[in-house]
Amino acid sequence: MTQEVDLDAVVRQRVRGLRLARGWSLDALAARCFVSPSTLSRIETGHRRIALDQLVPLARALGTTLDQLVEPVEDEDVVIRPDPEHVEGMTTWLLTRPGAIPGVVVAKMRITPERAAHGPGVHPGREWFTVLSGTVRLRLGERTILVGPGQAAEFSTMVPHAIEPHDGPVELLSIFDRDGERAHLHGPPVPDA
């Protein structure tokens, strides 16, 4: 029973929070999900339980999914304690849980000049990073671009590219799609024998 009450409270808070974030009145949301404003008010204030047949239209009207609307909240779902992975000249901390954002991985990386030289790589997709400290030497096709602290870069990974430290260690925050994750975090594929 306590779990049901807690879930009901979480859903009420999410409905109200999403409604207010969009700047909608009770009337505006009620019109979008075909519920009376008074019923919606009672749901948000806890004076009425949310019926299952009301959840789907509410989620749809608020631009979310039913899963996201009823997802439980736990402290462990908030704090990520990444374990560093080391290879010569590079340390990586994965900042997303597996499958948390389908097809996307966020990682903090520290690259030092000791990193073994790699030729520019090519793979499908796009890549994005922002420099936290140091300066990145981004080799992008025939160009070399210096990206400093507080700056970001976004580029097609179909262009031959390499991310290297320039004049000392560099720390960056990077977002990879599946192909970028495989290429940059797990190394090049091993050819079949």
# chains A, B, ... in the order shown; residues from 1 in each chain; ligands from 1
>>> select_by_dssp(residues="chain A", states="strand (DSSP E or B)", output="compact mmCIF listing (two decimals) with C-alpha atoms, in the first residue's frame")
# COMPACT_ATOMS: atom_id res chain seq x y z
CA GLU A 85 39.13 2.78 -17.32
CA HIS A 86 42.79 3.24 -18.18
CA VAL A 87 44.67 2.63 -21.41
CA MET A 90 43.91 7.93 -21.62
CA THR A 91 41.49 7.55 -18.72
CA THR A 92 37.75 7.32 -19.37
CA TRP A 93 34.83 7.67 -16.94
CA LEU A 94 31.44 6.58 -18.34
CA VAL A 104 24.04 7.60 -26.53
CA VAL A 105 27.02 7.41 -24.17
CA VAL A 106 28.42 10.37 -22.22
CA ALA A 107 32.02 10.09 -21.05
CA LYS A 108 34.62 12.24 -19.34
CA MET A 109 38.06 11.63 -20.81
CA ARG A 110 41.57 12.62 -19.76
CA ILE A 111 44.11 12.32 -22.55
CA GLY A 121 39.50 7.17 -37.71
CA ARG A 126 28.32 12.52 -35.39
CA GLU A 127 30.45 13.37 -32.39
CA TRP A 128 30.40 16.18 -29.84
CA PHE A 129 32.80 17.18 -27.08
CA THR A 130 33.52 20.13 -24.84
CA VAL A 131 36.93 20.85 -23.35
CA LEU A 132 37.03 21.03 -19.56
CA SER A 133 40.77 21.79 -19.27
CA VAL A 136 42.51 19.61 -27.79
CA ARG A 137 44.15 19.26 -31.19
CA LEU A 138 41.33 18.06 -33.42
CA ARG A 139 42.56 16.62 -36.68
CA LEU A 140 39.58 16.72 -39.01
CA ARG A 143 42.52 20.52 -41.06
CA THR A 144 43.95 20.84 -37.56
CA ILE A 145 41.76 22.80 -35.17
CA LEU A 146 42.70 23.81 -31.62
CA VAL A 147 39.77 23.65 -29.20
CA ALA A 152 33.02 22.65 -27.91
CA ALA A 153 33.27 20.85 -31.24
CA GLU A 154 30.70 18.89 -33.23
CA PHE A 155 31.49 17.11 -36.48
CA SER A 156 30.59 14.28 -38.82
CA HIS A 161 39.31 12.51 -37.31
CA ALA A 162 41.60 12.27 -34.30
CA ILE A 163 41.30 13.93 -30.88
CA GLU A 164 44.69 14.59 -29.30
CA PRO A 165 46.15 16.66 -26.45
CA VAL A 170 43.43 17.58 -21.73
CA GLU A 171 40.11 16.74 -20.08
CA LEU A 172 36.93 16.68 -22.09
CA LEU A 173 33.31 15.69 -21.87
CA SER A 174 32.15 13.77 -24.92
CA ILE A 175 28.87 12.46 -26.25
CA PHE A 176 29.09 9.41 -28.51
CA ASP A 177 26.48 7.58 -30.53
>>> select_by_dssp(residues="stretch 19-102 of chain A", states="helix (DSSP H, G or I)", output="ChimeraX atom specification")
/A:19-21,26-33,37-45,52-61,66-70,75-77
>>> residues_around(residues="A:Arg12", least_positions_apart="5", cutoff="9 Å", atoms="only C-alpha atoms", output="list of chain:residue names")
A:Leu7, A:Gly17, A:Ile43, A:Glu44, A:Thr45, A:Gly46, A:Ile50
>>> residues_around(residues="A:Ala51", least_positions_apart="2", cutoff="12 Å", atoms="only C-alpha atoms", output="list in words")
Asp8, Val11, Arg12, Val35, Thr39, Leu40, Ile43, Arg48, Arg49, Asp53, Gln54, Leu55, Val56, Pro57 and Leu58 of chain A
>>> write_last_selection(atoms="C-alpha atoms", output="CSV table (one decimal), in the first residue's frame")
chain,number,residue,atom,x,y,z
A,8,ASP,CA,0.7,8.1,-6.8
A,11,VAL,CA,3.0,10.8,-10.7
A,12,ARG,CA,1.1,13.7,-9.2
A,35,VAL,CA,-10.2,15.5,-18.4
A,39,THR,CA,-10.6,16.4,-11.9
A,40,LEU,CA,-7.1,17.4,-12.9
A,43,ILE,CA,-5.4,14.6,-9.1
A,48,ARG,CA,-8.3,11.9,-6.2
A,49,ARG,CA,-6.4,8.8,-7.2
A,53,ASP,CA,-7.3,5.2,-18.2
A,54,GLN,CA,-6.2,8.8,-17.3
A,55,LEU,CA,-2.5,8.1,-17.3
A,56,VAL,CA,-2.0,7.4,-21.0
A,57,PRO,CA,-3.8,10.6,-22.2
A,58,LEU,CA,-2.0,12.6,-19.5
>>> atom_distance(atom1="atom CA of A:Gly168", atom2="atom CA of A:Thr135")
7.8 Å
>>> residues_around(residues="A:Leu26", least_positions_apart="6", cutoff="9 Å", atoms="only C-alpha atoms", output="MDAnalysis selection string")
chainID A and resid 19 36:38 40:41
>>> atom_distance(atom1="atom CA of A:Arg14", atom2="atom CA of A:Leu69")
6.7 Å
>>> residues_around(residues="A:Gly89", least_positions_apart="3", cutoff="6 Å", atoms="only C-alpha atoms", output="PyMOL selection string")
chain A and resi 111-112+114-115
>>> decode(residues="stretch 49-138 of chain A", atoms="C-alpha atoms", output="PDB file, in the first residue's frame")
ATOM      1  CA  ARG A  49      -6.374   8.836  -7.221  1.00  0.00           C
ATOM      2  CA  ILE A  50      -5.214   8.687 -10.797  1.00  0.00           C
ATOM      3  CA  ALA A  51      -7.072   6.077 -12.814  1.00  0.00           C
ATOM      4  CA  LEU A  52      -5.117   3.936 -15.268  1.00  0.00           C
ATOM      5  CA  ASP A  53      -7.258   5.166 -18.168  1.00  0.00           C
ATOM      6  CA  GLN A  54      -6.205   8.758 -17.301  1.00  0.00           C
ATOM      7  CA  LEU A  55      -2.453   8.061 -17.289  1.00  0.00           C
ATOM      8  CA  VAL A  56      -2.034   7.444 -21.020  1.00  0.00           C
ATOM      9  CA  PRO A  57      -3.820  10.637 -22.168  1.00  0.00           C
ATOM     10  CA  LEU A  58      -1.968  12.637 -19.490  1.00  0.00           C
ATOM     11  CA  ALA A  59       1.411  11.255 -20.590  1.00  0.00           C
ATOM     12  CA  ARG A  60       0.626  11.886 -24.259  1.00  0.00           C
ATOM     13  CA  ALA A  61      -0.587  15.440 -23.591  1.00  0.00           C
ATOM     14  CA  LEU A  62       2.554  16.200 -21.550  1.00  0.00           C
ATOM     15  CA  GLY A  63       4.860  14.858 -24.266  1.00  0.00           C
ATOM     16  CA  THR A  64       6.212  11.973 -22.212  1.00  0.00           C
ATOM     17  CA  THR A  65       5.718   8.222 -21.987  1.00  0.00           C
ATOM     18  CA  LEU A  66       3.749   6.225 -19.475  1.00  0.00           C
ATOM     19  CA  ASP A  67       7.010   4.568 -18.353  1.00  0.00           C
ATOM     20  CA  GLN A  68       8.618   7.943 -17.633  1.00  0.00           C
ATOM     21  CA  LEU A  69       5.536   9.174 -15.810  1.00  0.00           C
ATOM     22  CA  VAL A  70       5.448   6.207 -13.391  1.00  0.00           C
ATOM     23  CA  GLU A  71       9.195   5.484 -13.157  1.00  0.00           C
ATOM     24  CA  PRO A  72      10.194   5.060  -9.495  1.00  0.00           C
ATOM     25  CA  VAL A  73      12.575   7.558  -7.913  1.00  0.00           C
ATOM     26  CA  GLU A  74      15.528   6.250  -5.931  1.00  0.00           C
ATOM     27  CA  ASP A  75      18.771   7.893  -4.846  1.00  0.00           C
ATOM     28  CA  GLU A  76      20.765   5.226  -6.672  1.00  0.00           C
ATOM     29  CA  ASP A  77      19.174   6.422  -9.933  1.00  0.00           C
ATOM     30  CA  VAL A  78      20.665   9.881  -9.421  1.00  0.00           C
ATOM     31  CA  VAL A  79      24.300   9.521  -8.392  1.00  0.00           C
ATOM     32  CA  ILE A  80      26.709   7.870 -10.818  1.00  0.00           C
ATOM     33  CA  ARG A  81      30.035   6.703  -9.426  1.00  0.00           C
ATOM     34  CA  PRO A  82      32.022   5.858 -12.545  1.00  0.00           C
ATOM     35  CA  ASP A  83      35.015   3.551 -12.402  1.00  0.00           C
ATOM     36  CA  PRO A  84      37.938   4.907 -14.418  1.00  0.00           C
ATOM     37  CA  GLU A  85      39.127   2.784 -17.317  1.00  0.00           C
ATOM     38  CA  HIS A  86      42.794   3.236 -18.177  1.00  0.00           C
ATOM     39  CA  VAL A  87      44.668   2.631 -21.409  1.00  0.00           C
ATOM     40  CA  GLU A  88      48.056   4.133 -22.155  1.00  0.00           C
ATOM     41  CA  GLY A  89      47.695   7.911 -22.043  1.00  0.00           C
ATOM     42  CA  MET A  90      43.907   7.934 -21.622  1.00  0.00           C
ATOM     43  CA  THR A  91      41.486   7.547 -18.721  1.00  0.00           C
ATOM     44  CA  THR A  92      37.748   7.323 -19.365  1.00  0.00           C
ATOM     45  CA  TRP A  93      34.834   7.667 -16.945  1.00  0.00           C
ATOM     46  CA  LEU A  94      31.443   6.578 -18.340  1.00  0.00           C
ATOM     47  CA  LEU A  95      28.814   9.019 -17.057  1.00  0.00           C
ATOM     48  CA  THR A  96      25.722   7.239 -18.362  1.00  0.00           C
ATOM     49  CA  ARG A  97      24.358   3.909 -17.284  1.00  0.00           C
ATOM     50  CA  PRO A  98      24.070   1.228 -19.970  1.00  0.00           C
ATOM     51  CA  GLY A  99      20.845   1.778 -21.891  1.00  0.00           C
ATOM     52  CA  ALA A 100      19.902   4.912 -19.915  1.00  0.00           C
ATOM     53  CA  ILE A 101      19.789   6.983 -23.098  1.00  0.00           C
ATOM     54  CA  PRO A 102      19.345   4.559 -26.006  1.00  0.00           C
ATOM     55  CA  GLY A 103      22.203   4.881 -28.481  1.00  0.00           C
ATOM     56  CA  VAL A 104      24.041   7.600 -26.531  1.00  0.00           C
ATOM     57  CA  VAL A 105      27.017   7.414 -24.174  1.00  0.00           C
ATOM     58  CA  VAL A 106      28.421  10.373 -22.222  1.00  0.00           C
ATOM     59  CA  ALA A 107      32.019  10.093 -21.053  1.00  0.00           C
ATOM     60  CA  LYS A 108      34.625  12.238 -19.341  1.00  0.00           C
ATOM     61  CA  MET A 109      38.056  11.635 -20.813  1.00  0.00           C
ATOM     62  CA  ARG A 110      41.574  12.619 -19.756  1.00  0.00           C
ATOM     63  CA  ILE A 111      44.108  12.324 -22.548  1.00  0.00           C
ATOM     64  CA  THR A 112      47.825  12.818 -21.951  1.00  0.00           C
ATOM     65  CA  PRO A 113      50.673  13.177 -24.453  1.00  0.00           C
ATOM     66  CA  GLU A 114      51.726   9.592 -23.581  1.00  0.00           C
ATOM     67  CA  ARG A 115      48.733   8.270 -25.501  1.00  0.00           C
ATOM     68  CA  ALA A 116      49.870   6.004 -28.290  1.00  0.00           C
ATOM     69  CA  ALA A 117      49.557   7.731 -31.653  1.00  0.00           C
ATOM     70  CA  HIS A 118      46.502   6.628 -33.623  1.00  0.00           C
ATOM     71  CA  GLY A 119      45.775   7.558 -37.190  1.00  0.00           C
ATOM     72  CA  PRO A 120      42.570   9.407 -37.918  1.00  0.00           C
ATOM     73  CA  GLY A 121      39.496   7.165 -37.707  1.00  0.00           C
ATOM     74  CA  VAL A 122      36.259   7.131 -39.664  1.00  0.00           C
ATOM     75  CA  HIS A 123      32.883   5.729 -38.608  1.00  0.00           C
ATOM     76  CA  PRO A 124      29.206   6.553 -39.194  1.00  0.00           C
ATOM     77  CA  GLY A 125      27.523   9.223 -37.089  1.00  0.00           C
ATOM     78  CA  ARG A 126      28.323  12.521 -35.391  1.00  0.00           C
ATOM     79  CA  GLU A 127      30.451  13.372 -32.393  1.00  0.00           C
ATOM     80  CA  TRP A 128      30.400  16.177 -29.839  1.00  0.00           C
ATOM     81  CA  PHE A 129      32.797  17.180 -27.084  1.00  0.00           C
ATOM     82  CA  THR A 130      33.522  20.134 -24.838  1.00  0.00           C
ATOM     83  CA  VAL A 131      36.932  20.848 -23.355  1.00  0.00           C
ATOM     84  CA  LEU A 132      37.033  21.033 -19.565  1.00  0.00           C
ATOM     85  CA  SER A 133      40.769  21.789 -19.265  1.00  0.00           C
ATOM     86  CA  GLY A 134      43.795  21.914 -21.539  1.00  0.00           C
ATOM     87  CA  THR A 135      43.634  22.264 -25.309  1.00  0.00           C
ATOM     88  CA  VAL A 136      42.507  19.612 -27.794  1.00  0.00           C
ATOM     89  CA  ARG A 137      44.154  19.263 -31.187  1.00  0.00           C
ATOM     90  CA  LEU A 138      41.329  18.062 -33.415  1.00  0.00           C
TER      91      LEU A 138
END
